[in-house]
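Engineer: Just one file: upload-v3.txt, with compact mmCIF, C-alpha atoms.
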```
# COMPACT_ATOMS: atom_id res chain seq x y z
CA MET A 1 30.66 11.04 3.89
CA VAL A 2 32.48 8.83 1.45
CA TYR A 3 31.16 9.70 -2.02
CA ILE A 4 32.51 7.41 -4.71
CA VAL A 5 33.05 8.88 -8.14
CA SER A 6 33.21 5.74 -10.26
CA TRP A 7 30.00 3.73 -10.61
CA ASP A 8 31.82 0.43 -11.18
CA GLU A 9 33.93 0.95 -8.10
CA PHE A 10 30.78 1.67 -6.07
CA VAL A 11 29.16 -1.56 -7.30
CA ASP A 12 32.24 -3.72 -6.67
CA ARG A 13 32.84 -2.37 -3.20
CA SER A 14 29.17 -2.61 -2.21
CA VAL A 15 28.93 -6.23 -3.28
CA GLN A 16 32.17 -6.98 -1.42
CA LEU A 17 30.83 -5.24 1.68
CA PHE A 18 27.61 -7.20 1.52
CA ARG A 19 29.32 -10.53 1.01
CA ALA A 20 31.63 -9.84 3.96
CA ASP A 21 28.72 -9.11 6.32
CA PRO A 22 25.28 -9.92 4.91
CA GLU A 23 23.58 -9.59 8.28
CA SER A 24 24.31 -5.94 8.85
CA THR A 25 24.81 -4.54 5.35
CA ARG A 26 21.98 -2.41 3.99
CA TYR A 27 21.37 -0.51 0.77
CA VAL A 28 19.57 2.81 0.98
CA MET A 29 18.26 4.90 -1.87
CA LYS A 30 17.04 8.48 -1.57
CA TYR A 31 15.31 10.32 -4.38
CA ARG A 32 14.35 13.99 -4.43
CA HIS A 33 12.11 14.84 -7.35
CA CYS A 34 12.19 18.61 -6.69
CA ASP A 35 16.01 18.65 -6.86
CA GLY A 36 16.29 15.86 -9.41
CA LYS A 37 18.88 14.07 -7.29
CA LEU A 38 19.45 10.43 -6.47
CA VAL A 39 21.72 9.26 -3.65
CA LEU A 40 22.70 5.65 -2.95
CA LYS A 41 24.29 4.41 0.26
CA VAL A 42 25.63 1.00 1.22
CA THR A 43 26.78 0.50 4.78
CA ASP A 44 27.55 -2.27 7.23
CA ASN A 45 27.51 0.14 10.16
CA LYS A 46 31.30 0.27 10.14
CA GLU A 47 32.06 1.43 6.66
CA CYS A 48 29.86 3.58 4.42
CA LEU A 49 29.90 3.96 0.66
CA LYS A 50 27.81 6.60 -1.07
CA PHE A 51 27.07 7.58 -4.61
CA LYS A 52 25.14 10.61 -5.81
CA THR A 53 23.92 11.57 -9.23
CA ASP A 54 21.50 13.64 -11.23
CA GLN A 55 21.94 11.66 -14.46
CA ALA A 56 19.27 9.51 -16.04
CA GLN A 57 21.80 7.01 -17.34
CA GLU A 58 23.04 6.35 -13.80
CA ALA A 59 19.45 5.60 -12.79
CA LYS A 60 19.45 2.83 -15.39
CA LYS A 61 22.66 1.43 -13.93
CA MET A 62 21.09 1.67 -10.49
CA GLU A 63 18.25 -0.56 -11.66
CA LYS A 64 20.80 -3.25 -12.48
CA LEU A 65 22.36 -2.77 -9.07
CA ASN A 66 18.90 -3.12 -7.50
CA ASN A 67 18.53 -6.45 -9.26
CA ILE A 68 21.91 -7.56 -7.96
CA PHE A 69 21.02 -6.65 -4.39
CA PHE A 70 17.58 -8.25 -4.56
CA THR A 71 19.16 -11.49 -5.76
CA LEU A 72 21.92 -11.39 -3.16
CA MET A 73 19.57 -10.62 -0.32
CA ALA A 74 16.72 -12.92 -1.19
CA ARG A 75 18.79 -15.92 -2.18
CA GLY A 76 21.94 -15.46 -0.15
CA PRO A 77 25.39 -13.86 -0.51
CA ASP A 78 26.83 -16.94 -2.17
CA VAL A 79 24.62 -16.56 -5.21
CA ASP A 80 26.55 -16.49 -8.43
CA LEU A 81 26.04 -13.02 -9.90
CA SER A 82 26.49 -14.28 -13.42
CA GLU A 83 22.88 -15.42 -13.04
CA VAL A 84 21.81 -11.79 -13.01
CA ALA A 85 23.97 -10.98 -16.00
CA GLY A 86 23.08 -14.36 -17.44
CA LYS A 87 19.42 -13.38 -17.72
CA GLU A 88 20.37 -10.48 -19.96
CA GLN A 89 22.48 -12.79 -22.07
CA MET A 90 19.59 -15.24 -22.27
CA GLU A 91 17.41 -12.48 -23.64
CA THR A 92 19.89 -11.54 -26.34
CA GLN A 93 20.88 -15.09 -27.40
CA PRO A 94 17.68 -16.19 -29.17
CA VAL A 95 17.95 -13.09 -31.39
CA LYS A 96 21.24 -14.40 -32.82
CA LYS A 97 19.79 -17.81 -33.66
CA GLY A 98 18.23 -16.72 -36.89
CA ARG A 99 19.19 -19.66 -39.08
CA GLY A 100 17.77 -22.78 -37.58
CA ARG A 101 17.37 -24.99 -40.60
CA LYS A 102 19.76 -27.84 -40.99
CA GLN A 103 18.37 -30.21 -43.54
CA MET B 1 5.99 0.90 10.64
CA VAL B 2 3.32 -0.64 8.52
CA LEU B 3 4.11 -4.13 7.20
CA LEU B 4 2.33 -4.76 3.94
CA GLN B 5 2.01 -7.44 1.32
CA LEU B 6 3.94 -6.97 -1.93
CA ASP B 7 1.25 -5.41 -4.11
CA PRO B 8 -0.17 -2.96 -1.54
CA PHE B 9 3.43 -1.97 -0.78
CA LEU B 10 4.04 -1.18 -4.45
CA ASN B 11 0.85 0.86 -4.59
CA GLU B 12 1.78 2.85 -1.49
CA LEU B 13 5.30 3.40 -2.87
CA THR B 14 3.82 4.81 -6.07
CA SER B 15 1.62 7.23 -4.13
CA MET B 16 4.66 8.31 -2.05
CA PHE B 17 6.57 9.20 -5.19
CA GLU B 18 3.60 11.16 -6.48
CA LYS B 19 3.14 13.08 -3.23
CA SER B 20 6.83 14.00 -3.11
CA LYS B 21 6.91 15.63 -6.53
CA GLU B 22 6.74 19.24 -5.33
CA LYS B 23 9.09 18.85 -2.41
CA GLY B 24 10.40 16.11 -0.19
CA SER B 25 12.32 12.87 -0.64
CA VAL B 26 11.56 9.20 -0.85
CA TRP B 27 13.93 6.78 0.88
CA VAL B 28 13.97 3.08 0.06
CA THR B 29 16.09 0.70 2.13
CA LEU B 30 16.96 -2.89 1.27
CA LYS B 31 18.28 -5.29 3.85
CA ARG B 32 18.61 -9.01 4.24
CA SER B 33 16.80 -10.41 7.25
CA SER B 34 15.41 -13.64 8.54
CA LEU B 35 12.74 -11.78 10.50
CA LYS B 36 13.50 -13.90 13.56
CA SER B 37 14.88 -13.00 16.96
CA LYS B 38 18.35 -14.05 18.09
CA VAL B 39 16.87 -16.74 20.33
CA GLN B 40 14.94 -18.27 17.48
CA LYS B 41 18.02 -18.15 15.24
CA ARG B 42 20.13 -19.98 17.82
CA LYS B 43 17.46 -22.64 18.21
CA LEU B 44 17.22 -23.13 14.47
CA SER B 45 20.94 -23.37 13.89
CA SER B 46 21.46 -25.73 16.80
CA ALA B 47 18.66 -27.93 15.51
CA GLY B 48 20.48 -28.10 12.21
CA GLU B 49 17.76 -26.35 10.21
CA SER B 50 18.62 -23.70 7.65
CA ILE B 51 17.35 -20.21 8.36
CA GLU B 52 15.20 -18.84 5.58
CA TYR B 53 16.27 -15.32 4.68
CA ARG B 54 14.11 -12.69 3.14
CA CYS B 55 14.84 -9.30 1.67
CA LEU B 56 13.34 -6.58 3.85
CA ILE B 57 12.30 -3.47 1.99
CA ARG B 58 11.39 -0.26 3.75
CA ALA B 59 10.15 2.96 2.20
CA THR B 60 9.44 6.33 3.77
CA ASP B 61 8.55 9.83 2.70
CA ALA B 62 9.42 11.32 6.09
CA LYS B 63 5.76 11.33 7.12
CA LYS B 64 4.76 7.76 6.64
CA SER B 65 6.76 4.58 6.48
CA ILE B 66 5.88 1.24 4.99
CA SER B 67 7.67 -2.05 4.67
CA THR B 68 7.45 -5.45 3.10
CA SER B 69 9.53 -8.56 2.92
CA VAL B 70 10.34 -10.45 -0.24
CA GLY B 71 11.38 -14.08 -0.41
CA ALA B 72 13.44 -15.84 -3.04
CA LYS B 73 10.32 -16.81 -5.02
CA ASP B 74 8.79 -13.32 -5.16
CA HIS B 75 11.92 -11.27 -5.65
CA GLN B 76 11.98 -11.39 -9.44
CA ARG B 77 8.40 -10.29 -9.79
CA PHE B 78 8.92 -7.55 -7.20
CA GLN B 79 12.11 -6.33 -8.84
CA ALA B 80 10.37 -5.97 -12.21
CA SER B 81 7.49 -3.94 -10.71
CA TYR B 82 9.89 -1.91 -8.59
CA ALA B 83 12.03 -1.05 -11.62
CA THR B 84 8.92 0.07 -13.52
CA ILE B 85 7.87 2.40 -10.69
CA LEU B 86 11.34 3.93 -10.45
CA LYS B 87 11.60 4.48 -14.20
CA ALA B 88 8.18 6.11 -14.27
CA HIS B 89 8.97 8.56 -11.47
CA MET B 90 12.62 9.46 -11.86
CA THR B 91 11.89 11.90 -14.61
CA THR B 92 13.82 14.93 -13.36
CA LEU B 93 17.23 13.31 -13.79
CA LYS B 94 19.30 14.86 -16.55
CA LYS B 95 20.26 13.15 -19.74
CA ARG B 96 23.95 13.74 -20.15
CA GLU B 97 24.39 12.59 -23.74
CA ARG B 98 22.96 15.67 -25.42
CA LYS B 99 25.23 18.01 -23.48
CA ASP B 100 28.28 15.92 -24.31
CA ARG B 101 27.32 15.83 -27.97
CA LYS B 102 26.77 19.59 -28.03
CA LYS B 103 30.07 20.21 -26.28
CA SER B 104 31.94 17.85 -28.57
CA THR B 105 30.36 19.29 -31.74
CA GLU B 106 31.07 22.84 -30.57
CA ALA B 107 34.65 21.90 -29.80
CA GLU B 108 34.97 20.30 -33.22
CA LYS B 109 33.58 23.38 -34.92
CA LYS B 110 36.03 25.53 -33.06
CA GLU B 111 38.89 23.30 -34.10
CA GLY B 112 37.68 23.41 -37.65
CA THR B 113 36.97 19.72 -38.20
CA SER B 114 33.74 18.82 -39.91
CA THR B 115 33.27 15.23 -38.83
CA THR B 116 30.16 14.69 -36.74
CA LYS B 117 29.89 11.40 -34.95
CA LYS B 118 26.58 10.38 -33.47
CA LYS B 119 26.93 7.94 -30.59
CA LEU B 120 23.81 5.91 -30.02
```
What is this file in structure tokens?
Structural biologist:
Amino acid sequence: MVYIVSWDEFVDRSVQLFRADPESTRYVMKYRHCDGKLVLKVTDNKECLKFKTDQAQEAKKMEKLNNIFFTLMARGPDVDLSEVAGKEQMETQPVKKGRGRKQ
Amino acid sequence: MVLLQLDPFLNELTSMFEKSKEKGSVWVTLKRSSLKSKVQKRKLSSAGESIEYRCLIRATDAKKSISTSVGAKDHQRFQASYATILKAHMTTLKKRERKDRKKSTEAEKKEGTSTTKKKL
């Protein structure tokens, strides 16, 4: 099985795979609490990409990937992914606007 | 395969995670689907109508399997609840940072440097 070491590479290649064939690409997640292991798989039935981890910080990154896939799948593969990242930016922007008084 | 509405699906998913704590796995699969047969798809595309796609989500704990489908309107709400459930249950994953800090501070002590950097 093709286990990818770099998280970013896994994300890029999975999104590419999905965009190339949205009809047959699926994203599978398997979690084993007793072993404390998480395995992710993205496949279009021709090619298969896998990622495994036991790190909590990777689980946080996986949540972002989940968001990406939900958006891609629900809205369509042509959705601009900066929307997903854009939401995070939207949350941080109002914090910067501290001085709002121009008089 | 039991097809459920969003909220019952989330409840069942939570109970699956709880049952699998001692042993066993939970699988969750995400796939895009229009939930229509090929014949229906051909009819729709020849009629010039756009096919509405949904995100199909399946979950199984090797004994029972459940599924639900999420449309573009519901997906944000679902993804927030789903993220909460995952965060709550994925507690056995290791936190790497402490080990790295320990290793780096031990290495620094061995080398004889006294600078301690805390990365937050």
Engineer: Could you tell me which residues of chain A sit within 12 Å of chain B when counting only C-alpha atoms, and give me the result as a PyMOL selection string?
Structural biologist: chain A and resi 18-19+21-44+52-77+79+84+87
Engineer: Rounded to one decimal, what separation in Å do you get between atom CA of Leu6 of chain B and atom CA of Ser81 of chain B?
Structural biologist: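 Separation of atom CA of Leu6 of chain B and atom CA of Ser81 of chain B: 9.9 Å.
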Engineer: Pick the closest to Lys64 of chain B from B:Gln5, B:Ser46, B:Ile85, B:Lys19: which is it, counting only C-alpha atoms?
Structural biologist: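 Nearest candidate to Lys64 of chain B out of B:Gln5, B:Ser46, B:Ile85, B:Lys19: B:Lys19.
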Engineer: Taking N, CA, C and O atoms as the atom set, what does segment 49-63 of chain A look like once completed, written as a compact mmCIF listing (two decimals), in the coordinates of the input?
Structural biologist:
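rebuild-v9.txt, freshly written:
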```
# COMPACT_ATOMS: atom_id res chain seq x y z
N LEU A 49 29.58 3.56 2.02
CA LEU A 49 29.90 3.96 0.66
C LEU A 49 28.70 4.72 0.11
O LEU A 49 27.57 4.27 0.26
N LYS A 50 28.94 5.85 -0.53
CA LYS A 50 27.81 6.60 -1.07
C LYS A 50 28.07 6.97 -2.52
O LYS A 50 29.22 7.07 -2.97
N PHE A 51 26.98 7.18 -3.23
CA PHE A 51 27.07 7.58 -4.61
C PHE A 51 25.93 8.53 -4.90
O PHE A 51 24.79 8.24 -4.57
N LYS A 52 26.23 9.70 -5.49
CA LYS A 52 25.14 10.61 -5.81
C LYS A 52 25.17 10.97 -7.28
O LYS A 52 26.22 10.96 -7.93
N THR A 53 24.00 11.26 -7.81
CA THR A 53 23.92 11.57 -9.23
C THR A 53 22.67 12.35 -9.56
O THR A 53 21.71 12.38 -8.78
N ASP A 54 22.70 13.00 -10.72
CA ASP A 54 21.50 13.64 -11.23
C ASP A 54 21.30 13.21 -12.68
O ASP A 54 20.59 13.85 -13.44
N GLN A 55 21.97 12.12 -13.07
CA GLN A 55 21.94 11.66 -14.46
C GLN A 55 20.98 10.50 -14.66
O GLN A 55 20.99 9.56 -13.89
N ALA A 56 20.23 10.57 -15.75
CA ALA A 56 19.27 9.51 -16.04
C ALA A 56 19.96 8.19 -16.34
O ALA A 56 19.47 7.11 -15.98
N GLN A 57 21.13 8.27 -16.98
CA GLN A 57 21.80 7.01 -17.34
C GLN A 57 22.29 6.27 -16.10
O GLN A 57 22.34 5.04 -16.08
N GLU A 58 22.60 7.02 -15.03
CA GLU A 58 23.04 6.35 -13.80
C GLU A 58 21.85 5.67 -13.15
O GLU A 58 22.00 4.65 -12.47
N ALA A 59 20.65 6.23 -13.34
CA ALA A 59 19.45 5.60 -12.79
C ALA A 59 19.25 4.23 -13.44
O ALA A 59 18.83 3.27 -12.78
N LYS A 60 19.57 4.14 -14.72
CA LYS A 60 19.45 2.83 -15.39
C LYS A 60 20.44 1.85 -14.80
O LYS A 60 20.12 0.67 -14.57
N LYS A 61 21.65 2.32 -14.54
CA LYS A 61 22.66 1.43 -13.93
C LYS A 61 22.22 1.03 -12.53
O LYS A 61 22.45 -0.08 -12.08
N MET A 62 21.56 1.97 -11.83
CA MET A 62 21.09 1.67 -10.49
C MET A 62 20.05 0.56 -10.51
O MET A 62 20.01 -0.27 -9.61
N GLU A 63 19.25 0.52 -11.57
CA GLU A 63 18.25 -0.56 -11.66
C GLU A 63 18.94 -1.91 -11.70
O GLU A 63 18.48 -2.87 -11.07
```
